[in-house]
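A.B. asks: This is coords-v2.pdb (PDB, C-alpha atoms, pLDDT in the B column).
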```pdb
MODEL        1
ATOM      1  CA  MET A   1     205.288   4.222  93.957  1.00 37.00           C
ATOM      2  CA  ALA A   2     204.397   0.721  92.780  1.00 45.00           C
ATOM      3  CA  SER A   3     200.649   1.276  92.929  1.00 69.00           C
ATOM      4  CA  SER A   4     198.931  -1.307  90.789  1.00 82.00           C
ATOM      5  CA  SER A   5     197.459  -0.094  87.517  1.00 86.00           C
ATOM      6  CA  ARG A   6     193.964  -0.851  88.755  1.00 87.00           C
ATOM      7  CA  THR A   7     194.204   1.592  91.632  1.00 89.00           C
ATOM      8  CA  GLN A   8     195.837   4.108  89.312  1.00 91.00           C
ATOM      9  CA  VAL A   9     192.968   3.829  86.840  1.00 93.00           C
ATOM     10  CA  ILE A  10     190.357   4.228  89.567  1.00 93.00           C
ATOM     11  CA  ALA A  11     192.182   7.188  91.112  1.00 93.00           C
ATOM     12  CA  LEU A  12     192.456   8.875  87.714  1.00 94.00           C
ATOM     13  CA  TYR A  13     188.765   8.290  87.052  1.00 95.00           C
ATOM     14  CA  ARG A  14     187.831   9.908  90.358  1.00 94.00           C
ATOM     15  CA  MET A  15     190.119  12.883  89.800  1.00 94.00           C
ATOM     16  CA  LEU A  16     188.852  13.429  86.275  1.00 96.00           C
ATOM     17  CA  ILE A  17     185.205  13.360  87.327  1.00 95.00           C
ATOM     18  CA  LYS A  18     185.873  15.633  90.294  1.00 94.00           C
ATOM     19  CA  GLU A  19     187.726  18.198  88.226  1.00 94.00           C
ATOM     20  CA  SER A  20     185.280  18.242  85.341  1.00 94.00           C
ATOM     21  CA  SER A  21     182.350  18.794  87.710  1.00 92.00           C
ATOM     22  CA  LYS A  22     183.921  22.170  88.472  1.00 92.00           C
ATOM     23  CA  PHE A  23     183.492  23.516  84.947  1.00 92.00           C
ATOM     24  CA  PRO A  24     181.326  26.639  85.146  1.00 91.00           C
ATOM     25  CA  SER A  25     180.105  26.160  81.575  1.00 90.00           C
ATOM     26  CA  TYR A  26     177.255  23.677  81.130  1.00 90.00           C
ATOM     27  CA  ASN A  27     178.480  22.454  77.748  1.00 91.00           C
ATOM     28  CA  PHE A  28     182.073  21.767  78.737  1.00 93.00           C
ATOM     29  CA  ARG A  29     181.052  20.101  81.934  1.00 93.00           C
ATOM     30  CA  ASN A  30     178.595  17.692  80.380  1.00 93.00           C
ATOM     31  CA  TYR A  31     180.846  16.927  77.433  1.00 96.00           C
ATOM     32  CA  ALA A  32     183.786  16.203  79.719  1.00 96.00           C
ATOM     33  CA  LEU A  33     181.768  13.941  82.011  1.00 95.00           C
ATOM     34  CA  ARG A  34     180.278  12.016  79.106  1.00 95.00           C
ATOM     35  CA  ARG A  35     183.606  11.664  77.300  1.00 96.00           C
ATOM     36  CA  ILE A  36     185.357  10.476  80.445  1.00 96.00           C
ATOM     37  CA  LYS A  37     182.730   7.802  81.059  1.00 94.00           C
ATOM     38  CA  ASP A  38     182.735   6.623  77.458  1.00 94.00           C
ATOM     39  CA  GLY A  39     186.520   6.653  77.220  1.00 94.00           C
ATOM     40  CA  PHE A  40     186.966   4.554  80.325  1.00 94.00           C
ATOM     41  CA  MET A  41     184.159   2.158  79.393  1.00 92.00           C
ATOM     42  CA  GLU A  42     185.451   1.405  75.918  1.00 92.00           C
ATOM     43  CA  ASN A  43     188.987   0.733  77.137  1.00 90.00           C
ATOM     44  CA  LYS A  44     187.890  -1.406  80.053  1.00 87.00           C
ATOM     45  CA  HIS A  45     189.091  -4.668  78.511  1.00 87.00           C
ATOM     46  CA  VAL A  46     192.567  -3.560  77.398  1.00 87.00           C
ATOM     47  CA  ASP A  47     195.247  -5.978  78.660  1.00 86.00           C
ATOM     48  CA  ASN A  48     198.379  -4.940  76.815  1.00 90.00           C
ATOM     49  CA  PRO A  49     200.563  -3.012  79.345  1.00 90.00           C
ATOM     50  CA  LYS A  50     202.065  -0.753  76.688  1.00 93.00           C
ATOM     51  CA  SER A  51     198.721   0.505  75.425  1.00 93.00           C
ATOM     52  CA  MET A  52     197.539   0.819  79.017  1.00 92.00           C
ATOM     53  CA  ASP A  53     200.521   3.065  79.735  1.00 93.00           C
ATOM     54  CA  GLN A  54     199.671   5.172  76.703  1.00 94.00           C
ATOM     55  CA  LEU A  55     196.063   5.484  77.761  1.00 94.00           C
ATOM     56  CA  LEU A  56     197.063   6.413  81.296  1.00 94.00           C
ATOM     57  CA  THR A  57     199.401   9.148  80.045  1.00 95.00           C
ATOM     58  CA  ARG A  58     196.594  10.468  77.865  1.00 94.00           C
ATOM     59  CA  ALA A  59     194.312  10.478  80.881  1.00 95.00           C
ATOM     60  CA  ARG A  60     196.865  12.394  82.967  1.00 95.00           C
ATOM     61  CA  GLU A  61     197.312  14.960  80.236  1.00 96.00           C
ATOM     62  CA  SER A  62     193.551  15.382  79.957  1.00 95.00           C
ATOM     63  CA  LEU A  63     193.418  15.859  83.716  1.00 96.00           C
ATOM     64  CA  ALA A  64     195.954  18.687  83.521  1.00 97.00           C
ATOM     65  CA  LEU A  65     194.051  20.200  80.599  1.00 96.00           C
ATOM     66  CA  ILE A  66     190.756  20.066  82.482  1.00 96.00           C
ATOM     67  CA  LYS A  67     192.310  21.725  85.524  1.00 96.00           C
ATOM     68  CA  ARG A  68     193.672  24.567  83.411  1.00 96.00           C
ATOM     69  CA  GLN A  69     190.395  25.065  81.571  1.00 95.00           C
ATOM     70  CA  VAL A  70     188.432  25.033  84.812  1.00 95.00           C
ATOM     71  CA  SER A  71     190.503  27.939  86.175  1.00 95.00           C
ATOM     72  CA  VAL A  72     190.205  29.842  82.893  1.00 95.00           C
ATOM     73  CA  GLY A  73     186.474  29.261  82.807  1.00 93.00           C
ATOM     74  CA  GLN A  74     186.065  30.440  86.380  1.00 92.00           C
ATOM     75  CA  MET A  75     187.904  33.635  85.526  1.00 93.00           C
ATOM     76  CA  TYR A  76     185.571  34.444  82.652  1.00 91.00           C
ATOM     77  CA  SER A  77     182.331  32.797  83.673  1.00 85.00           C
ATOM     78  CA  SER A  78     179.041  34.007  82.190  1.00 84.00           C
ATOM     79  CA  GLN A  79     175.433  33.669  83.257  1.00 83.00           C
ATOM     80  CA  ARG A  80     173.956  30.321  84.073  1.00 82.00           C
ATOM     81  CA  THR A  81     171.789  28.865  81.327  1.00 83.00           C
ATOM     82  CA  ILE A  82     168.119  27.966  81.803  1.00 81.00           C
ATOM     83  CA  VAL A  83     168.723  24.234  81.352  1.00 80.00           C
ATOM     84  CA  GLU A  84     170.941  24.062  84.412  1.00 78.00           C
ATOM     85  CA  GLY A  85     168.044  24.428  86.796  1.00 67.00           C
ATOM     86  CA  LEU A  86     168.536  24.686  90.538  1.00 62.00           C
ATOM     87  CA  ARG A  87     172.075  23.513  91.189  1.00 57.00           C
ATOM     88  CA  ALA A  88     173.249  23.574  94.786  1.00 44.00           C
ATOM     89  CA  ARG A  89     176.841  23.950  93.640  1.00 45.00           C
TER      90      ARG A  89
ATOM     91  CA  MET B  11     162.863  39.619 131.158  1.00 66.00           C
ATOM     92  CA  ALA B  12     162.338  38.742 134.776  1.00 69.00           C
ATOM     93  CA  SER B  13     159.723  41.461 135.140  1.00 65.00           C
ATOM     94  CA  ARG B  14     157.741  39.941 132.282  1.00 70.00           C
ATOM     95  CA  VAL B  15     157.829  36.531 133.985  1.00 66.00           C
ATOM     96  CA  LEU B  16     156.706  38.085 137.250  1.00 70.00           C
ATOM     97  CA  ALA B  17     153.959  40.041 135.528  1.00 61.00           C
ATOM     98  CA  GLN B  18     152.591  36.866 133.936  1.00 70.00           C
ATOM     99  CA  CYS B  19     152.831  35.017 137.213  1.00 67.00           C
ATOM    100  CA  VAL B  20     151.008  37.812 138.995  1.00 63.00           C
ATOM    101  CA  ARG B  21     148.259  37.763 136.393  1.00 71.00           C
ATOM    102  CA  THR B  22     147.762  34.001 136.660  1.00 66.00           C
ATOM    103  CA  LEU B  23     147.974  34.131 140.431  1.00 63.00           C
ATOM    104  CA  ALA B  24     145.537  37.020 140.628  1.00 58.00           C
ATOM    105  CA  ARG B  25     143.077  35.053 138.509  1.00 64.00           C
ATOM    106  CA  SER B  26     143.436  31.903 140.573  1.00 59.00           C
ATOM    107  CA  SER B  27     143.360  33.865 143.812  1.00 55.00           C
ATOM    108  CA  ALA B  28     140.132  35.569 142.753  1.00 51.00           C
ATOM    109  CA  ARG B  29     138.609  32.118 142.376  1.00 56.00           C
ATOM    110  CA  VAL B  30     140.028  30.688 145.585  1.00 51.00           C
ATOM    111  CA  SER B  31     139.429  33.510 147.967  1.00 48.00           C
ATOM    112  CA  GLY B  32     136.432  35.261 146.451  1.00 45.00           C
ATOM    113  CA  GLY B  33     134.705  35.287 149.801  1.00 44.00           C
ATOM    114  CA  ASN B  34     137.684  36.810 151.556  1.00 49.00           C
ATOM    115  CA  LEU B  35     137.858  39.688 149.102  1.00 45.00           C
ATOM    116  CA  ALA B  36     134.207  40.460 149.546  1.00 44.00           C
ATOM    117  CA  VAL B  37     134.706  40.596 153.308  1.00 44.00           C
ATOM    118  CA  ARG B  38     137.778  42.772 153.054  1.00 48.00           C
ATOM    119  CA  ALA B  39     136.302  45.060 150.404  1.00 45.00           C
ATOM    120  CA  VAL B  40     137.025  48.063 152.599  1.00 45.00           C
ATOM    121  CA  THR B  41     140.774  47.549 152.554  1.00 45.00           C
ATOM    122  CA  ALA B  42     142.856  48.766 149.632  1.00 47.00           C
ATOM    123  CA  PRO B  43     142.946  46.341 146.662  1.00 47.00           C
ATOM    124  CA  VAL B  44     146.781  46.155 146.748  1.00 46.00           C
ATOM    125  CA  SER B  45     146.869  44.938 150.300  1.00 47.00           C
ATOM    126  CA  ALA B  46     144.066  42.501 149.516  1.00 45.00           C
ATOM    127  CA  SER B  47     146.075  40.913 146.697  1.00 49.00           C
ATOM    128  CA  HIS B  48     149.108  40.714 148.980  1.00 50.00           C
ATOM    129  CA  ARG B  49     146.975  38.962 151.574  1.00 49.00           C
ATOM    130  CA  SER B  50     145.655  36.517 149.045  1.00 50.00           C
ATOM    131  CA  PHE B  51     149.227  35.623 147.999  1.00 51.00           C
ATOM    132  CA  SER B  52     149.890  34.386 151.459  1.00 51.00           C
ATOM    133  CA  VAL B  53     146.562  32.571 151.512  1.00 51.00           C
ATOM    134  CA  ILE B  54     147.470  30.504 148.472  1.00 50.00           C
ATOM    135  CA  SER B  55     149.759  27.662 149.475  1.00 51.00           C
ATOM    136  CA  ASN B  56     153.384  27.743 148.444  1.00 54.00           C
ATOM    137  CA  ALA B  57     153.096  24.548 146.485  1.00 51.00           C
ATOM    138  CA  GLU B  58     150.425  25.890 144.187  1.00 54.00           C
ATOM    139  CA  ARG B  59     152.336  29.094 143.582  1.00 54.00           C
ATOM    140  CA  SER B  60     155.564  27.302 142.747  1.00 52.00           C
ATOM    141  CA  ARG B  61     153.665  24.968 140.421  1.00 56.00           C
ATOM    142  CA  VAL B  62     152.096  27.877 138.570  1.00 52.00           C
ATOM    143  CA  LEU B  63     155.458  29.640 138.435  1.00 51.00           C
ATOM    144  CA  GLU B  64     157.117  26.500 137.117  1.00 51.00           C
ATOM    145  CA  GLN B  65     154.556  25.999 134.401  1.00 52.00           C
ATOM    146  CA  SER B  66     154.825  29.559 133.243  1.00 51.00           C
ATOM    147  CA  ARG B  67     158.600  29.432 133.470  1.00 51.00           C
ATOM    148  CA  VAL B  68     158.805  26.235 131.423  1.00 49.00           C
ATOM    149  CA  SER B  69     156.556  27.565 128.680  1.00 51.00           C
ATOM    150  CA  ILE B  70     158.444  30.851 128.573  1.00 54.00           C
ATOM    151  CA  VAL B  71     161.848  29.162 128.498  1.00 54.00           C
ATOM    152  CA  SER B  72     160.837  26.953 125.587  1.00 56.00           C
ATOM    153  CA  VAL B  73     159.779  30.013 123.626  1.00 61.00           C
ATOM    154  CA  TRP B  74     163.008  31.863 124.388  1.00 69.00           C
ATOM    155  CA  CYS B  75     165.250  28.882 123.671  1.00 71.00           C
ATOM    156  CA  ARG B  76     167.643  29.752 120.804  1.00 72.00           C
ATOM    157  CA  GLN B  77     167.477  27.613 117.699  1.00 70.00           C
ATOM    158  CA  TYR B  78     170.708  27.913 115.732  1.00 78.00           C
ATOM    159  CA  GLY B  79     170.688  27.093 112.049  1.00 82.00           C
ATOM    160  CA  ASP B  80     171.867  23.539 111.416  1.00 79.00           C
ATOM    161  CA  LEU B  81     170.850  20.436 109.507  1.00 80.00           C
ATOM    162  CA  PRO B  82     168.452  18.034 111.222  1.00 80.00           C
ATOM    163  CA  PRO B  83     170.325  15.400 113.238  1.00 83.00           C
ATOM    164  CA  LEU B  84     171.225  12.205 111.370  1.00 86.00           C
ATOM    165  CA  THR B  85     169.795   8.880 112.453  1.00 90.00           C
ATOM    166  CA  LEU B  86     170.504   5.441 111.026  1.00 91.00           C
ATOM    167  CA  GLU B  87     167.021   5.438 109.488  1.00 92.00           C
ATOM    168  CA  THR B  88     167.510   8.712 107.637  1.00 92.00           C
ATOM    169  CA  ILE B  89     170.966   7.727 106.453  1.00 93.00           C
ATOM    170  CA  ARG B  90     169.631   4.458 105.093  1.00 93.00           C
ATOM    171  CA  ASP B  91     166.717   6.169 103.351  1.00 94.00           C
ATOM    172  CA  ARG B  92     168.975   8.719 101.722  1.00 94.00           C
ATOM    173  CA  VAL B  93     171.495   6.120 100.579  1.00 94.00           C
ATOM    174  CA  MET B  94     168.764   3.964  99.019  1.00 94.00           C
ATOM    175  CA  TYR B  95     167.207   7.017  97.380  1.00 94.00           C
ATOM    176  CA  VAL B  96     170.483   8.028  95.760  1.00 93.00           C
ATOM    177  CA  LEU B  97     171.032   4.454  94.563  1.00 93.00           C
ATOM    178  CA  LYS B  98     167.577   4.238  93.042  1.00 93.00           C
ATOM    179  CA  LEU B  99     168.270   7.394  91.072  1.00 92.00           C
ATOM    180  CA  TYR B 100     171.372   5.856  89.489  1.00 92.00           C
ATOM    181  CA  ASP B 101     170.374   4.665  86.053  1.00 88.00           C
ATOM    182  CA  LYS B 102     172.456   1.494  85.962  1.00 88.00           C
ATOM    183  CA  VAL B 103     170.775   0.145  89.087  1.00 88.00           C
ATOM    184  CA  ASN B 104     167.521  -1.787  88.862  1.00 88.00           C
ATOM    185  CA  PRO B 105     165.378  -0.330  91.672  1.00 88.00           C
ATOM    186  CA  GLU B 106     163.358  -3.517  92.168  1.00 88.00           C
ATOM    187  CA  LYS B 107     166.409  -5.657  92.807  1.00 88.00           C
ATOM    188  CA  LEU B 108     167.952  -3.154  95.196  1.00 90.00           C
ATOM    189  CA  GLN B 109     168.217  -4.236  98.822  1.00 88.00           C
ATOM    190  CA  THR B 110     170.276  -2.958 101.713  1.00 89.00           C
ATOM    191  CA  THR B 111     172.450  -6.052 101.551  1.00 90.00           C
ATOM    192  CA  SER B 112     172.842  -6.283  97.793  1.00 91.00           C
ATOM    193  CA  HIS B 113     176.475  -6.310  96.698  1.00 92.00           C
ATOM    194  CA  PHE B 114     177.242  -3.766  93.964  1.00 91.00           C
ATOM    195  CA  MET B 115     179.348  -6.076  91.851  1.00 90.00           C
ATOM    196  CA  LYS B 116     177.858  -9.499  92.488  1.00 90.00           C
ATOM    197  CA  ASP B 117     174.140  -8.735  92.858  1.00 89.00           C
ATOM    198  CA  LEU B 118     173.664  -5.541  90.898  1.00 89.00           C
ATOM    199  CA  GLY B 119     176.188  -6.248  88.161  1.00 89.00           C
ATOM    200  CA  LEU B 120     178.084  -2.968  88.430  1.00 91.00           C
ATOM    201  CA  ASP B 121     181.811  -2.637  87.897  1.00 90.00           C
ATOM    202  CA  SER B 122     184.504  -0.725  89.752  1.00 91.00           C
ATOM    203  CA  LEU B 123     184.022   2.466  87.732  1.00 93.00           C
ATOM    204  CA  ASP B 124     180.319   2.475  88.596  1.00 93.00           C
ATOM    205  CA  GLN B 125     181.212   1.917  92.212  1.00 94.00           C
ATOM    206  CA  VAL B 126     183.448   5.000  92.075  1.00 94.00           C
ATOM    207  CA  GLU B 127     180.548   7.022  90.679  1.00 94.00           C
ATOM    208  CA  ILE B 128     178.220   5.762  93.398  1.00 94.00           C
ATOM    209  CA  ILE B 129     180.670   6.715  96.138  1.00 95.00           C
ATOM    210  CA  MET B 130     181.027  10.183  94.609  1.00 94.00           C
ATOM    211  CA  ALA B 131     177.252  10.531  94.595  1.00 94.00           C
ATOM    212  CA  MET B 132     177.244   9.627  98.292  1.00 94.00           C
ATOM    213  CA  GLU B 133     179.905  12.275  98.921  1.00 93.00           C
ATOM    214  CA  ASP B 134     177.680  14.858  97.243  1.00 92.00           C
ATOM    215  CA  GLU B 135     174.602  13.742  99.143  1.00 92.00           C
ATOM    216  CA  PHE B 136     176.157  13.834 102.611  1.00 91.00           C
ATOM    217  CA  GLY B 137     178.552  16.681 101.987  1.00 90.00           C
ATOM    218  CA  PHE B 138     181.855  15.216 103.163  1.00 90.00           C
ATOM    219  CA  GLU B 139     184.891  13.688 101.456  1.00 91.00           C
ATOM    220  CA  ILE B 140     185.344   9.944 101.349  1.00 93.00           C
ATOM    221  CA  PRO B 141     189.022   9.068 100.690  1.00 92.00           C
ATOM    222  CA  ASP B 142     189.863   6.633  97.888  1.00 88.00           C
ATOM    223  CA  ALA B 143     191.138   3.862 100.132  1.00 89.00           C
ATOM    224  CA  ASP B 144     187.934   3.844 102.180  1.00 91.00           C
ATOM    225  CA  GLY B 145     185.666   4.284  99.199  1.00 91.00           C
ATOM    226  CA  GLU B 146     187.040   1.224  97.428  1.00 90.00           C
ATOM    227  CA  LYS B 147     185.971  -1.068 100.246  1.00 91.00           C
ATOM    228  CA  LEU B 148     182.306  -0.031 100.367  1.00 92.00           C
ATOM    229  CA  MET B 149     180.580  -2.730  98.360  1.00 92.00           C
ATOM    230  CA  SER B 150     176.957  -2.632  99.478  1.00 91.00           C
ATOM    231  CA  PRO B 151     174.451  -0.064 100.754  1.00 93.00           C
ATOM    232  CA  ALA B 152     174.779  -1.492 104.266  1.00 93.00           C
ATOM    233  CA  ASP B 153     178.541  -0.840 104.167  1.00 92.00           C
ATOM    234  CA  VAL B 154     177.938   2.728 103.047  1.00 93.00           C
ATOM    235  CA  VAL B 155     175.417   3.339 105.825  1.00 94.00           C
ATOM    236  CA  GLN B 156     177.804   1.888 108.411  1.00 93.00           C
ATOM    237  CA  TYR B 157     180.714   3.997 107.149  1.00 94.00           C
ATOM    238  CA  ILE B 158     178.703   7.221 107.198  1.00 93.00           C
ATOM    239  CA  ALA B 159     177.381   6.431 110.669  1.00 92.00           C
ATOM    240  CA  ASP B 160     180.942   5.880 111.874  1.00 91.00           C
ATOM    241  CA  LYS B 161     182.157   9.113 110.359  1.00 90.00           C
ATOM    242  CA  LYS B 162     179.262  11.168 111.642  1.00 89.00           C
ATOM    243  CA  ASP B 163     179.083   9.562 115.098  1.00 87.00           C
ATOM    244  CA  VAL B 164     175.538   8.264 114.681  1.00 85.00           C
ATOM    245  CA  TYR B 165     174.653   5.341 116.887  1.00 79.00           C
ATOM    246  CA  GLU B 166     171.607   3.738 118.446  1.00 68.00           C
TER     247      GLU B 166
ENDMDL
END
```
Is it possible to give me this structure as structure tokens?
C.D. replies:
Amino acid sequence: MASSSRTQVIALYRMLIKESSKFPSYNFRNYALRRIKDGFMENKHVDNPKSMDQLLTRARESLALIKRQVSVGQMYSSQRTIVEGLRAR
Amino acid sequence: MASRVLAQCVRTLARSSARVSGGNLAVRAVTAPVSASHRSFSVISNAERSRVLEQSRVSIVSVWCRQYGDLPPLTLETIRDRVMYVLKLYDKVNPEKLQTTSHFMKDLGLDSLDQVEIIMAMEDEFGFEIPDADGEKLMSPADVVQYIADKKDVYE
């Protein structure tokens, strides 16, 4: 399991974006996508392995959180808002 | 089904036979009209009858051909157009500088996270999963088009 940190970061990014696109609520979904992008962009230039480990653990915890909230949201989903428009999904 | 084909054939044949053997019918006006039409069938050559039958059969078959619901077939042209369209919609890409051969990182100045987003947009557009290992290697629109064509068995 010696996958380099670069591949780990990219895999986490993909998983986070995939999972947060499943949010049924418009607000949560857009906030999550925006926060993920900003979070990864601002920490792009971090070199210190210890802080990278910390950030990666935070990312994994957020991934678990998003998965849980997606299932909760799908259980109690409400009507689609007007701003969402015609979404194929 | 077959009776309808035959009925149409008879109608077309009766029309053409009326033209061809108008004189004959006038001469044989005494005989019953059924027997006259039978006679005129034999008068018309076999070749003409089979041609008329074929034409009517072909047109009928094309109308009765089933058309199951499915997406239009992919060609390299359509794949390329769709890939370029999706790339132009991405806000970090300059649409004027975009070419089929432009490298995401070297020519368009995107980084690996942007490349991940682009590959996910391609997944959404074409409706199938691209695994991480394959997605990492696609570094230009031409690569993407080639990969999708390989996966979807599109060739020229």
A.B. asks: Could you state which residues are captured by the ChimeraX specification (/B :<12) & /A in this file, as a list in words?
C.D. replies: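 Going through the file, the ChimeraX specification (/B :<12) & /A ends up selecting Arg6, Thr7, Gln8, Val9, Ile10, Ala11, Leu12, Tyr13, Arg14, Met15, Leu16, Ile17, Lys18, Ser21, Leu33, Ile36, Lys37, Asp38, Gly39, Phe40, Met41, Glu42, Asn43, Lys44, Arg87, Ala88 and Arg89 of chain A.
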A.B. asks: For atom CA of A:Tyr76 and atom CA of A:Phe23, quote the distance in Å rounded to one decimal.
C.D. replies: 11.4 Å
A.B. asks: One decimal, in Å: what's the spacing between atom CA of A:Ala59 and atom CA of B:Phe136?
C.D. replies: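 Interatomic distance, atom CA of A:Ala59 to atom CA of B:Phe136: 28.5 Å.
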A.B. asks: Would you mind listing what lies within 12 Å of B:Val154 as a PyMOL selection string, with all atoms listed in the file counted and same-chain residues fewer than 4 positions away left out?
C.D. replies: chain B and resi 86+89-94+96-97+110-114+125+128-133+136+140+144-150+158-161
A.B. asks: In Å, how far is it from atom CA of B:Pro105 to atom CA of B:Ala152?
C.D. replies: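 Distance reported for this atom pair: 15.8 Å.
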A.B. asks: Name the residues that the PyMOL selection byres ((chain A and resi 29) around 12) pulls out of this structure, and write them as a list in words.
C.D. replies: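 Output of the PyMOL selection byres ((chain A and resi 29) around 12): Leu16, Ile17, Lys18, Glu19, Ser20, Ser21, Lys22, Phe23, Pro24, Ser25, Tyr26, Asn27, Phe28, Asn30, Tyr31, Ala32, Leu33, Arg34, Arg35, Ile36, Ile66, Lys67, Gln69, Val70, Gly73 and Glu84 of chain A.
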A.B. asks: Report, as AutoDock Vina command-line options, the centre and edge lengths in Å (one decimal) of the axis-aligned box enclosing every listed atom of stretch 79-85 of chain A, padded by 8 Å on each side.
C.D. replies:
```
--center_x 171.7 --center_y 28.9 --center_z 84.1 --size_x 23.4 --size_y 25.6 --size_z 21.5
```
A.B. asks: Given the file shown, determine the residues that the PyMOL selection byres ((chain B and resi 165) around 10) selects; report them as a PDB file with C-alpha atoms, keeping the file's coordinate frame.
C.D. replies:
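Done, and the output landed in part-v7.pdb:
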```pdb
ATOM      1  CA  LEU B  84     171.225  12.205 111.370  1.00 86.00           C
ATOM      2  CA  THR B  85     169.795   8.880 112.453  1.00 90.00           C
ATOM      3  CA  LEU B  86     170.504   5.441 111.026  1.00 91.00           C
ATOM      4  CA  GLN B 156     177.804   1.888 108.411  1.00 93.00           C
ATOM      5  CA  ALA B 159     177.381   6.431 110.669  1.00 92.00           C
ATOM      6  CA  ASP B 160     180.942   5.880 111.874  1.00 91.00           C
ATOM      7  CA  LYS B 162     179.262  11.168 111.642  1.00 89.00           C
ATOM      8  CA  ASP B 163     179.083   9.562 115.098  1.00 87.00           C
ATOM      9  CA  VAL B 164     175.538   8.264 114.681  1.00 85.00           C
ATOM     10  CA  GLU B 166     171.607   3.738 118.446  1.00 68.00           C
TER      11      GLU B 166
END
```
